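In what follows, a structure is listed as structure tokens, so that the remarks can point back to it.
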Amino acid sequence: MTEFLDTFRGTVNTWECDEVGHMNVQFYVARASDAAFYLRHALGLAPSQVRGERRAMVALEEHIRFHRELRAGDIMHMRSRPVEIRERTLVSFQELFNSSTGEVSATITAVSGHFDLDARKLIPWPDEARGRAAPFLGPLPPHAEARGVEREKRLPDIKLEDVMDFIEIYRGAVMPWECDDFGHMNSRFYMARFSDGAGHLWQALGFGKRNMLDKRRGTVVLEMRLNYHREVGSGAMLVVRSTLTRVERKTLTFTHFMFDAETGLLAATGEAIAVMLDLDARKTVAFTDEERAAVLPHVRTLA
């Protein structure tokens, strides 16, 4: 069996959980970001080498499947391994476990680039990195494969002016403490914008938070793909506009477009499959015919 790297251990904090009662999606991305430090180290990119050689590894895409809930106080650990090392990019697999039960909580399949920090562009992997990756290379397990959201696919590279009929779910700025050692916003905070804006999206679709909680209903994401199109730095103004692209009996598919508000250029996108959750039974429930009919006018077909 291919060897894995131990890349994270920790505990779910109360402040990392949302109103649905489980760890918020942004902190799954945060854990994957933490784990990436140890994966980089295994490939010959220890922190001292990153600083000295001015090269790093940056996220280009993350495909996430959420398998089981993590609640406040749960202990967790993550293991990682490279799946494929290409000329300038790396496909890696990360698996987050509930350490008490041994159950898989989430799987993250990432595409990362070997990055020149001065030229701000991708560069080829050296032979040393390929040699270091070889003992750990292994295929994706079936439970990490994409289901409803494709891997290694990009939404259109559109501009803010092209989606003025979409629902605006977020508007804000990037703070210095949200940026990493590489000088751009950490991946956690891309997901945070989509997550923080989700309430505005559901509200616009007729699912207000207060009414939902009164009915003991919540919304959760089952699967999501994040794509990073352009770097975002401290002080940038961001706007996120979102729309529905598919409505099924139990699921809704959303697309999120994050823009630099000053330039109108696309910074990142997210495609997600969401469901309604019975907060007491902790099981998914179907949308009613009336609810599906109400959201259909918001569906858009992307070019």
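Identifiers in the structure tokens: chain A, B, ... in order shown; residue index from 1 per chain; ligand index from 1 in order shown.
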key: A:Ser80 surroundings by only C-alpha atoms, 7 Å radius, close-in-sequence under 6 positions cut, as a list in words   = Phe4, Leu5, Asp6, Thr7, Phe93, Gln94 and Glu95 of chain A
query = Where in stretch 144-181 of chain A does DSSP assign strand (DSSP E or B), given as a ChimeraX atom specification?
reply = /A:167-173,179
Selection export as a PDB file, in the first residue's frame, atoms kept: C-alpha atoms:
```pdb
ATOM      1  CA  ILE A 167     -27.402  37.479  -6.841  1.00  0.00           C
ATOM      2  CA  GLU A 168     -24.811  39.529  -4.967  1.00  0.00           C
ATOM      3  CA  ILE A 169     -23.961  37.555  -1.827  1.00  0.00           C
ATOM      4  CA  TYR A 170     -20.781  39.237  -0.571  1.00  0.00           C
ATOM      5  CA  ARG A 171     -19.070  42.631  -0.664  1.00  0.00           C
ATOM      6  CA  GLY A 172     -16.012  43.434   1.431  1.00  0.00           C
ATOM      7  CA  ALA A 173     -12.248  43.880   1.572  1.00  0.00           C
ATOM      8  CA  CYS A 179      -2.830  36.814   3.639  1.00  0.00           C
TER       9      CYS A 179
END
```
inquiry  = Under the rule that only C-alpha atoms are counted, which of A:Leu39, A:Ala129, A:Leu205, A:Val25 is the nearest residue to A:Leu296?
reply    = A:Leu205
inquiry  = Applying 10 Å and only C-alpha atoms, which residues near A:Arg147 remain after dropping the ones on its own chain fewer than 5 positions away? List them as a PyMOL selection string.
reply    = chain A and resi 65+222-223+273
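Backbone DSSP over stretch 80-178 of chain A gives alpha helix (DSSP H) for Asp127, Glu128, Ala129, Arg130, Gly131, Arg132 and Ala133 of chain A.
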Counting only C-alpha atoms, which residues in stretch 48-71 of chain A sit no more than 6 Å from stretch 103-127 of chain A? For each one, give the nearest pair of atoms and the distance in Å, sorted by chain then residue number, as a tab-separated table.
```
residue	atom	partner	partner_atom	distance
A:Arg54	CA	A:Leu117	CA	5.3
A:Arg55	CA	A:Asp116	CA	4.6
A:Ala56	CA	A:Phe115	CA	5.1
A:Met57	CA	A:His114	CA	4.8
A:Val58	CA	A:Gly113	CA	5.3
A:Ala59	CA	A:Ser112	CA	4.4
A:Leu60	CA	A:Ser112	CA	5.2
A:Glu61	CA	A:Val111	CA	5.0
A:Glu62	CA	A:Ala110	CA	4.4
A:His63	CA	A:Thr109	CA	5.1
A:Ile64	CA	A:Ile108	CA	4.5
A:Arg65	CA	A:Thr107	CA	5.4
A:Phe66	CA	A:Ala106	CA	4.5
A:His67	CA	A:Ser105	CA	5.0
A:Arg68	CA	A:Ser105	CA	4.5
```
Preceding selection exported with N, CA and C atoms as a tab-separated table (two decimals), in the first residue's frame:
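So the final result, stored in out19.tsv, reads:
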```tsv
chain	number	residue	atom	x	y	z
A	54	ARG	N	12.95	31.27	-2.87
A	54	ARG	CA	11.87	32.09	-3.44
A	54	ARG	C	10.99	31.28	-4.40
A	55	ARG	N	10.69	30.06	-4.01
A	55	ARG	CA	9.74	29.25	-4.76
A	55	ARG	C	8.83	28.54	-3.77
A	56	ALA	N	7.60	28.29	-4.19
A	56	ALA	CA	6.61	27.74	-3.26
A	56	ALA	C	5.63	26.86	-4.03
A	57	MET	N	4.57	26.47	-3.36
A	57	MET	CA	3.50	25.70	-3.97
A	57	MET	C	2.19	26.42	-3.69
A	58	VAL	N	1.43	26.73	-4.72
A	58	VAL	CA	0.19	27.48	-4.55
A	58	VAL	C	-1.00	26.69	-5.08
A	59	ALA	N	-2.16	26.87	-4.44
A	59	ALA	CA	-3.37	26.16	-4.82
A	59	ALA	C	-3.96	26.75	-6.10
A	60	LEU	N	-4.33	25.87	-7.02
A	60	LEU	CA	-5.02	26.27	-8.25
A	60	LEU	C	-6.46	25.78	-8.25
A	61	GLU	N	-6.69	24.62	-7.62
A	61	GLU	CA	-8.04	24.06	-7.53
A	61	GLU	C	-8.11	23.13	-6.32
A	62	GLU	N	-9.28	23.11	-5.69
A	62	GLU	CA	-9.56	22.15	-4.62
A	62	GLU	C	-10.95	21.59	-4.83
A	63	HIS	N	-11.02	20.29	-4.95
A	63	HIS	CA	-12.31	19.59	-5.06
A	63	HIS	C	-12.55	18.89	-3.73
A	64	ILE	N	-13.67	19.20	-3.09
A	64	ILE	CA	-13.94	18.73	-1.73
A	64	ILE	C	-15.23	17.94	-1.70
A	65	ARG	N	-15.19	16.78	-1.06
A	65	ARG	CA	-16.40	16.03	-0.74
A	65	ARG	C	-16.53	15.96	0.77
A	66	PHE	N	-17.70	16.34	1.27
A	66	PHE	CA	-17.98	16.32	2.71
A	66	PHE	C	-18.75	15.04	3.01
A	67	HIS	N	-18.12	14.15	3.78
A	67	HIS	CA	-18.70	12.82	4.00
A	67	HIS	C	-19.48	12.71	5.31
A	68	ARG	N	-18.92	13.25	6.39
A	68	ARG	CA	-19.59	13.18	7.70
A	68	ARG	C	-19.31	14.46	8.47
```
inquiry  = Can you pull out the residues contacting A:Val174? Cut-off 8 Å, using only C-alpha atoms, and skip same-chain residues under 4 positions away; I want them as a list in words.
reply    =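 The contact residues come out as Glu178, Met185, Gly233, Ser234, Gly235, Ala236, Met237 and Leu238 of chain A.
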For the residues in the current selection, export C-alpha atoms as a compact mmCIF listing (two decimals), in the first residue's frame.
```
# COMPACT_ATOMS: atom_id res chain seq x y z
CA GLU A 178 -5.95 37.00 5.81
CA MET A 185 -5.09 35.75 0.48
CA GLY A 233 -3.76 40.67 -2.01
CA SER A 234 -4.31 42.76 1.10
CA GLY A 235 -6.53 45.77 0.50
CA ALA A 236 -8.36 44.28 -2.47
CA MET A 237 -12.11 44.93 -2.65
CA LEU A 238 -14.11 41.80 -3.42
```
query = A:Leu70: which residues within 8 Å, counting only C-alpha atoms, same-chain residues fewer than 6 positions away excluded, as a list in words?
reply =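 Surrounding residues, per the criterion: Val12, His22, Met23, Asn98 and Ser105 of chain A.
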Please provide the set of residues having any atom within 10 Å of A:Gln203, restricted to only C-alpha atoms, with same-chain residues fewer than 6 positions apart removed, written as a compact mmCIF listing (two decimals) with all heavy atoms, in the first residue's frame.
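Result file out-v4.txt:
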```
# COMPACT_ATOMS: atom_id res chain seq x y z
N ILE A 169 -23.92 38.18 -3.15
CA ILE A 169 -23.96 37.55 -1.83
C ILE A 169 -22.87 38.07 -0.89
O ILE A 169 -22.95 37.85 0.32
CB ILE A 169 -23.88 36.01 -1.93
CG1 ILE A 169 -22.48 35.55 -2.40
CG2 ILE A 169 -24.96 35.46 -2.83
CD1 ILE A 169 -22.24 34.07 -2.22
N LYS A 209 -33.03 32.62 6.90
CA LYS A 209 -32.41 31.88 8.00
C LYS A 209 -33.35 31.70 9.19
O LYS A 209 -33.45 30.62 9.76
CB LYS A 209 -31.13 32.59 8.45
CG LYS A 209 -29.95 32.43 7.51
CD LYS A 209 -29.34 31.05 7.61
CE LYS A 209 -28.08 30.95 6.75
NZ LYS A 209 -27.48 29.61 6.80
N ARG A 210 -34.01 32.78 9.58
CA ARG A 210 -34.87 32.71 10.77
C ARG A 210 -36.02 31.71 10.54
O ARG A 210 -36.30 30.87 11.40
CB ARG A 210 -35.43 34.09 11.11
CG ARG A 210 -36.23 34.12 12.42
CD ARG A 210 -36.70 35.54 12.72
NE ARG A 210 -35.57 36.43 12.88
CZ ARG A 210 -34.88 36.58 14.01
NH1 ARG A 210 -35.22 35.87 15.08
NH2 ARG A 210 -33.88 37.42 14.09
N ASN A 211 -36.64 31.78 9.38
CA ASN A 211 -37.73 30.87 9.06
C ASN A 211 -37.24 29.43 8.99
O ASN A 211 -37.90 28.49 9.46
CB ASN A 211 -38.37 31.27 7.73
CG ASN A 211 -39.60 30.44 7.41
OD1 ASN A 211 -40.45 30.21 8.26
ND2 ASN A 211 -39.68 29.98 6.17
N MET A 212 -36.04 29.26 8.44
CA MET A 212 -35.46 27.92 8.32
C MET A 212 -35.19 27.31 9.69
O MET A 212 -35.52 26.14 9.95
CB MET A 212 -34.16 27.99 7.53
CG MET A 212 -34.36 28.33 6.07
SD MET A 212 -34.67 26.87 5.08
CE MET A 212 -33.03 26.17 5.07
```
ask   = Nearest to A:Gly206 among A:Ala294, A:Leu90, A:Leu277, A:Met76, with distances taken over only C-alpha atoms: which residue is it?
value =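 Going through A:Ala294, A:Leu90, A:Leu277, A:Met76 one by one, the smallest distance to A:Gly206 is for A:Ala294.
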Atom-to-atom span, atom CA of A:Gly270 and atom CA of A:Leu244, Å =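 Those two atoms sit 11.8 Å apart.
Take the candidates A:Asp157, A:Phe182, A:Asn24, A:Ile75 and check each one against A:Arg51 using only C-alpha atoms; the shortest distance goes to A:Phe182.
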key: Å distance separating atom CA of A:Tyr228 from atom CA of A:Ala261, one decimal place   =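 So the answer is 16.1 Å.
Between A:Ser92 and the candidates A:Ala133, A:Ala72, A:Val295, A:Ala268, the tightest atom-to-atom separation, counting only C-alpha atoms, involves A:Ala133.
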key: Nearby residues (only C-alpha atoms) at most 6 Å from A:Ala274, same-chain spacing under 5 positions excluded, as a PyMOL selection string   = chain A and resi 220-222+251-252
request  = Have a look at A:His256, A:His298, A:Arg130, A:His229 and name the one nearest to A:Glu84; count only C-alpha atoms.
outcome  = A:Arg130
query = What is the distance, in Å and to one decimal place, between atom CA of A:Phe194 and atom CA of A:Asp165?
reply =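 Straight-line distance from atom CA of A:Phe194 to atom CA of A:Asp165 works out to 17.8 Å.
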Pick from A:Leu160, A:Val50, A:Val247, A:Met258 nearest to A:Arg300, counting only C-alpha atoms = A:Val247
